[in-house]
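This is work-v8.cif. It holds mmCIF, C-alpha atoms and all ligand atoms.
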```cif
data_query
#
loop_
_atom_site.label_atom_id
_atom_site.label_comp_id
_atom_site.auth_asym_id
_atom_site.auth_seq_id
_atom_site.Cartn_x
_atom_site.Cartn_y
_atom_site.Cartn_z
CA MET T 1151 -16.59 22.15 7.91
CA LYS T 1152 -19.26 21.66 5.26
CA ARG T 1153 -19.26 23.31 1.86
CA HIS T 1154 -21.77 23.37 -0.96
CA ILE T 1155 -20.39 22.23 -4.30
CA SER T 1156 -21.79 21.84 -7.76
CA PHE T 1157 -20.26 20.10 -10.73
CA ILE T 1158 -21.12 18.02 -13.79
CA LEU T 1159 -21.35 14.34 -12.99
CA ASN T 1160 -21.69 11.97 -15.93
CA GLY T 1161 -23.13 14.77 -18.05
CA GLU T 1162 -25.63 16.10 -15.49
CA LYS T 1163 -25.32 19.07 -13.19
CA VAL T 1164 -25.34 17.99 -9.54
CA GLU T 1165 -24.98 19.81 -6.26
CA THR T 1166 -24.55 18.67 -2.72
CA ASP T 1167 -23.09 19.50 0.65
CA ALA T 1168 -19.75 17.90 1.40
CA GLU T 1169 -17.33 17.87 4.30
CA ASP T 1170 -14.08 19.66 3.53
CA HIS T 1171 -11.96 16.65 4.45
CA TRP T 1172 -13.75 14.28 2.06
CA ASN T 1173 -12.10 13.17 -1.13
CA LEU T 1174 -13.99 12.81 -4.40
CA LEU T 1175 -14.01 9.01 -4.10
CA HIS T 1176 -15.98 9.24 -0.87
CA LEU T 1177 -18.42 11.70 -2.40
CA LEU T 1178 -19.02 9.52 -5.46
CA ARG T 1179 -19.49 6.28 -3.55
CA GLU T 1180 -21.24 7.41 -0.39
CA VAL T 1181 -23.27 10.44 -1.48
CA PHE T 1182 -24.01 9.67 -5.12
CA GLU T 1183 -23.91 5.90 -4.57
CA LEU T 1184 -21.80 5.32 -7.65
CA LYS T 1185 -20.08 2.18 -6.42
CA GLY T 1186 -18.36 1.37 -9.71
CA THR T 1187 -15.40 3.54 -8.70
CA LYS T 1188 -13.43 1.29 -6.38
CA ASP T 1189 -11.66 2.10 -3.16
CA GLY T 1190 -8.38 0.20 -3.27
CA CYS T 1191 -5.33 1.62 -1.50
CA GLY T 1192 -6.75 5.04 -0.69
CA SER T 1193 -3.31 6.55 -1.23
CA GLY T 1194 -2.79 7.02 -4.96
CA GLU T 1195 -0.97 3.75 -5.52
CA CYS T 1196 -3.41 1.41 -7.28
CA GLY T 1197 -5.63 3.42 -9.66
CA ALA T 1198 -8.79 1.51 -8.70
CA CYS T 1199 -10.48 4.85 -7.96
CA THR T 1200 -9.68 6.45 -11.34
CA VAL T 1201 -12.26 8.80 -12.80
CA VAL T 1202 -11.98 11.27 -15.66
CA ILE T 1203 -11.99 14.94 -14.66
CA ASP T 1204 -12.06 17.50 -17.46
CA GLY T 1205 -10.71 14.84 -19.81
CA LYS T 1206 -7.86 13.62 -17.59
CA ALA T 1207 -7.61 10.36 -15.63
CA VAL T 1208 -7.37 11.22 -11.94
CA ASN T 1209 -7.11 9.22 -8.72
CA SER T 1210 -10.31 10.26 -6.97
CA CYS T 1211 -8.97 9.08 -3.59
CA LEU T 1212 -6.47 11.95 -3.68
CA PHE T 1213 -8.79 14.55 -5.15
CA PRO T 1214 -10.27 16.96 -2.57
CA VAL T 1215 -14.02 17.50 -2.98
CA SER T 1216 -13.51 21.26 -2.97
CA GLU T 1217 -11.62 20.99 -6.24
CA ALA T 1218 -14.54 19.30 -7.98
CA GLU T 1219 -16.42 22.60 -8.04
CA GLY T 1220 -17.41 23.45 -11.62
CA ARG T 1221 -15.61 20.49 -13.17
CA SER T 1222 -16.81 17.67 -15.36
CA VAL T 1223 -16.42 14.28 -13.69
CA ILE T 1224 -17.02 11.00 -15.52
CA THR T 1225 -17.21 7.70 -13.68
CA ILE T 1226 -17.51 4.20 -15.09
CA GLU T 1227 -21.30 4.54 -14.81
CA GLY T 1228 -21.09 7.51 -17.18
CA LEU T 1229 -19.80 5.31 -19.99
CA ARG T 1230 -23.17 3.60 -20.35
CA GLN T 1231 -24.49 4.19 -23.84
CA PRO T 1232 -27.78 6.07 -24.41
CA ASP T 1233 -29.52 2.75 -25.16
CA GLY T 1234 -28.24 1.30 -21.87
CA ASP T 1235 -25.63 -0.85 -23.58
CA LEU T 1236 -22.04 -1.15 -22.37
CA HIS T 1237 -19.41 1.19 -23.78
CA PRO T 1238 -17.21 -0.43 -26.50
CA LEU T 1239 -14.28 -0.35 -24.06
CA GLN T 1240 -16.26 -2.31 -21.49
CA LYS T 1241 -17.32 -4.81 -24.15
CA ALA T 1242 -13.73 -5.17 -25.33
CA PHE T 1243 -12.52 -5.90 -21.80
CA VAL T 1244 -15.12 -8.66 -21.49
CA GLU T 1245 -14.45 -10.06 -24.96
CA HIS T 1246 -10.67 -10.13 -24.48
CA GLY T 1247 -10.82 -11.71 -21.04
CA ALA T 1248 -9.32 -8.54 -19.55
CA VAL T 1249 -11.67 -8.59 -16.56
CA GLN T 1250 -10.27 -11.08 -14.10
CA CYS T 1251 -11.12 -10.26 -10.49
CA GLY T 1252 -12.58 -7.06 -11.88
CA TYR T 1253 -11.51 -4.83 -9.03
CA CYS T 1254 -9.07 -2.83 -11.11
CA SER T 1255 -11.27 -2.88 -14.22
CA PRO T 1256 -13.34 0.29 -13.75
CA GLY T 1257 -10.23 2.38 -13.06
CA MET T 1258 -8.34 0.74 -15.89
CA ILE T 1259 -11.21 1.42 -18.30
CA MET T 1260 -11.42 5.06 -17.20
CA SER T 1261 -7.68 5.54 -17.81
CA ALA T 1262 -8.07 3.91 -21.23
CA TYR T 1263 -11.08 6.13 -21.95
CA ALA T 1264 -9.07 9.28 -21.12
CA LEU T 1265 -6.18 8.05 -23.26
CA LEU T 1266 -8.39 7.31 -26.28
CA GLN T 1267 -10.07 10.72 -26.03
CA GLU T 1268 -6.67 12.33 -26.37
CA ASN T 1269 -4.97 9.85 -28.67
CA HIS T 1270 -7.18 7.92 -31.11
CA GLU T 1271 -4.40 5.63 -32.26
CA PRO T 1272 -2.14 4.88 -29.31
CA SER T 1273 0.79 2.54 -29.82
CA GLU T 1274 1.27 -0.39 -27.47
CA ASP T 1275 3.80 1.65 -25.48
CA GLU T 1276 1.44 4.60 -25.27
CA ILE T 1277 -1.31 2.30 -23.98
CA LYS T 1278 1.07 0.91 -21.37
CA ASP T 1279 1.99 4.46 -20.34
CA GLY T 1280 -1.70 5.41 -20.22
CA ILE T 1281 -2.51 2.66 -17.73
CA GLU T 1282 0.73 2.70 -15.77
CA GLY T 1283 -1.03 4.13 -12.72
CA ASN T 1284 -3.49 1.23 -12.66
CA LEU T 1285 -2.36 -1.93 -10.94
CA CYS T 1286 -3.78 -5.33 -11.83
CA ARG T 1287 -2.54 -8.11 -9.61
CA CYS T 1288 -4.25 -10.90 -11.54
CA THR T 1289 -2.75 -12.30 -14.72
CA GLY T 1290 -0.96 -9.24 -16.04
CA TYR T 1291 -1.60 -6.63 -18.67
CA VAL T 1292 -1.48 -8.48 -22.00
CA LYS T 1293 -5.24 -8.95 -22.34
CA ILE T 1294 -5.92 -5.45 -21.03
CA VAL T 1295 -3.62 -3.90 -23.64
CA GLU T 1296 -5.19 -6.08 -26.35
CA ALA T 1297 -8.66 -4.94 -25.33
CA ILE T 1298 -7.69 -1.27 -25.49
CA ARG T 1299 -5.93 -1.76 -28.84
CA SER T 1300 -9.03 -3.41 -30.28
CA VAL T 1301 -11.14 -0.34 -29.46
CA ALA T 1302 -8.54 1.99 -30.93
CA ALA T 1303 -8.58 -0.10 -34.12
CA LEU T 1304 -12.37 -0.09 -34.15
CA SER T 1305 -12.60 3.68 -33.87
CA LYS T 1306 -9.95 4.07 -36.59
CA ASP T 1307 -12.10 1.88 -38.82
CA PHE T 1308 -15.17 4.05 -38.09
CA ARG T 1309 -13.24 7.23 -38.86
CA GLU T 1310 -11.91 5.84 -42.13
CA ARG T 1311 -15.35 4.69 -43.22
CA ALA T 1312 -16.79 8.10 -42.32
CA ARG T 1313 -14.14 9.66 -44.60
CA GLY T 1314 -15.01 7.17 -47.34
CA GLU T 1315 -11.53 5.55 -47.32
S1 LIG X 1401 -7.79 3.85 -4.21
FE1 LIG X 1401 -7.05 5.59 -5.22
S2 LIG X 1401 -5.15 5.03 -6.07
FE2 LIG X 1401 -5.78 3.28 -4.92
S1 LIG X 1402 -8.63 -7.88 -12.74
FE1 LIG X 1402 -7.88 -8.36 -10.78
S2 LIG X 1402 -6.70 -6.68 -10.09
FE2 LIG X 1402 -7.26 -6.32 -12.10
#
```

Using structure tokens, write down the structure from this file.
Ligand code: FES
Ligand code: FES
Amino acid sequence: MKRHISFILNGEKVETDAEDHWNLLHLLREVFELKGTKDGCGSGECGACTVVIDGKAVNSCLFPVSEAEGRSVITIEGLRQPDGDLHPLQKAFVEHGAVQCGYCSPGMIMSAYALLQENHEPSEDEIKDGIEGNLCRCTGYVKIVEAIRSVAALSKDFRERARGE
């Protein structure tokens, strides 16, 4: 059965018809053509499909489209800066060599984004907890954690300068 849904996608109100049995991942990739959100396992195991819904990192492959109604959904495409530049998290992943095959990277970055919205100064353990649902089968998590830490340090620096410290 089809239903009409409307929600906020990367800061803009969108509406569309969707089949009840679709998950949000399908809607994002096939209807809105946002291919940055990856389809990995399709069963909540890998985190490649992670998006941020109302501030929380969520596996979009398990998220029914009907539940998107009225919510705010951010995908990796939504992190693009107003001037078209990459988000500092994306830059940090590139600079720290944290993008290897790259398949897990969008989901990993979205989990890190959700974590940093909630916790500006996460410890290494908190970062590891924040990305525990995201699997990377390449060379491990050291560079990924370093990249996320570097952004946390950067934003701390900005906040301190803004306070005149
Ligand atoms: S594709 Fe959603 S968790 Fe793997
Ligand atoms: S960079 Fe290859 S799975 Fe993560």

Just the residues within 7 Å of segment 1157-1164 of chain T, please, counting only C-alpha atoms, with nothing from its chain fewer than 3 positions along; format it as a PyMOL selection string.
-> chain T and resi 1218-1225+1228

Selection within 12 Å of ligand LIG 1402 (chain X) by only C-alpha atoms and all ligand atoms, output as a PyMOL selection string | chain T and resi 1188+1190+1196-1198+1243-1244+1247-1259+1281+1284-1294

Could you take the residues named above and write them with C-alpha atoms, as a short mmCIF file (atom, residue, chain, number, x, y, z; two decimals), keeping the file's coordinate frame?
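The resulting again.cif:
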```cif
data_model
loop_
_atom_site.label_atom_id
_atom_site.label_comp_id
_atom_site.auth_asym_id
_atom_site.auth_seq_id
_atom_site.Cartn_x
_atom_site.Cartn_y
_atom_site.Cartn_z
CA LYS T 1188 -13.43 1.29 -6.38
CA GLY T 1190 -8.38 0.20 -3.27
CA CYS T 1196 -3.41 1.41 -7.28
CA GLY T 1197 -5.63 3.42 -9.66
CA ALA T 1198 -8.79 1.51 -8.70
CA PHE T 1243 -12.52 -5.90 -21.80
CA VAL T 1244 -15.12 -8.66 -21.49
CA GLY T 1247 -10.82 -11.71 -21.04
CA ALA T 1248 -9.32 -8.54 -19.55
CA VAL T 1249 -11.67 -8.59 -16.56
CA GLN T 1250 -10.27 -11.08 -14.10
CA CYS T 1251 -11.12 -10.26 -10.49
CA GLY T 1252 -12.58 -7.06 -11.88
CA TYR T 1253 -11.51 -4.83 -9.03
CA CYS T 1254 -9.07 -2.83 -11.11
CA SER T 1255 -11.27 -2.88 -14.22
CA PRO T 1256 -13.34 0.29 -13.75
CA GLY T 1257 -10.23 2.38 -13.06
CA MET T 1258 -8.34 0.74 -15.89
CA ILE T 1259 -11.21 1.42 -18.30
CA ILE T 1281 -2.51 2.66 -17.73
CA ASN T 1284 -3.49 1.23 -12.66
CA LEU T 1285 -2.36 -1.93 -10.94
CA CYS T 1286 -3.78 -5.33 -11.83
CA ARG T 1287 -2.54 -8.11 -9.61
CA CYS T 1288 -4.25 -10.90 -11.54
CA THR T 1289 -2.75 -12.30 -14.72
CA GLY T 1290 -0.96 -9.24 -16.04
CA TYR T 1291 -1.60 -6.63 -18.67
CA VAL T 1292 -1.48 -8.48 -22.00
CA LYS T 1293 -5.24 -8.95 -22.34
CA ILE T 1294 -5.92 -5.45 -21.03
#
```

Non-local contacts of Ala1242 of chain T (9 Å; all atoms listed in the file; under 6 positions in same chain excluded) as an NGL selection string | :T and (1248 or 1294 or 1296-1298 or 1300-1301)

Find the smallest box with edges along x, y and z containing every listed atom of segment 1191-1197 of chain T, then add 5 Å on each side and report centre and edge lengths in Å to one decimal, as lines of an AutoDock Vina configuration file.
```
center_x = -3.9
center_y = 4.2
center_z = -5.2
size_x = 15.8
size_y = 15.6
size_z = 19.0
```

Separating atom CA of Lys1206 of chain T from atom CA of Gly1280 of chain T, to the nearest tenth of an Å, is a gap of 10.6 Å

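Interatomic distance, atom CA of Ser1156 of chain T against atom S1 of ligand LIG 1401 (chain X): 23.1 Å.
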
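Residues of protein, DNA or RNA having any atom at most 6 Å from ligand LIG 1401 (chain X), counting all atoms listed in the file, are Asp1189, Gly1190, Cys1191, Gly1192, Ser1193, Gly1194, Glu1195, Cys1196, Gly1197, Ala1198, Cys1199, Asn1209, Ser1210 and Cys1211 of chain T.
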
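Nearest residue to His1154 of chain T, choosing from T:Ser1216, T:Thr1187, T:Thr1200, T:Gln1240 and counting all atoms listed in the file: T:Ser1216.
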
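Checking T:Glu1165, T:Asp1279, T:Glu1227, T:Glu1271 one by one against Arg1179 of chain T, counting all atoms listed in the file, you find the shortest gap at T:Glu1227.
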
Correct to one decimal, the distance atom CA of Val1181 of chain T-atom CA of Leu1239 of chain T is 26.6 Å

T:Pro1214, T:Tyr1263, T:His1176, T:Glu1282: which is nearest His1237 of chain T, counting all atoms listed in the file?
-> T:Tyr1263

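Counting all atoms listed in the file, the residue from T:Leu1304, T:Glu1276, T:Phe1213, T:Asp1204 that sits nearest to Leu1177 of chain T is T:Phe1213.
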
Looking at all atoms listed in the file, which of T:Glu1217, T:Glu1245, T:Gly1186, T:Ala1302 is the one that sits closest to Glu1268 of chain T?
-> T:Ala1302

Skipping near chain neighbours, those fewer than 4 positions away, what residues fall within 8 Å of Glu1274 of chain T using all atoms listed in the file, listed as a list in words?
-> Lys1278, Val1295 and Arg1299 of chain T
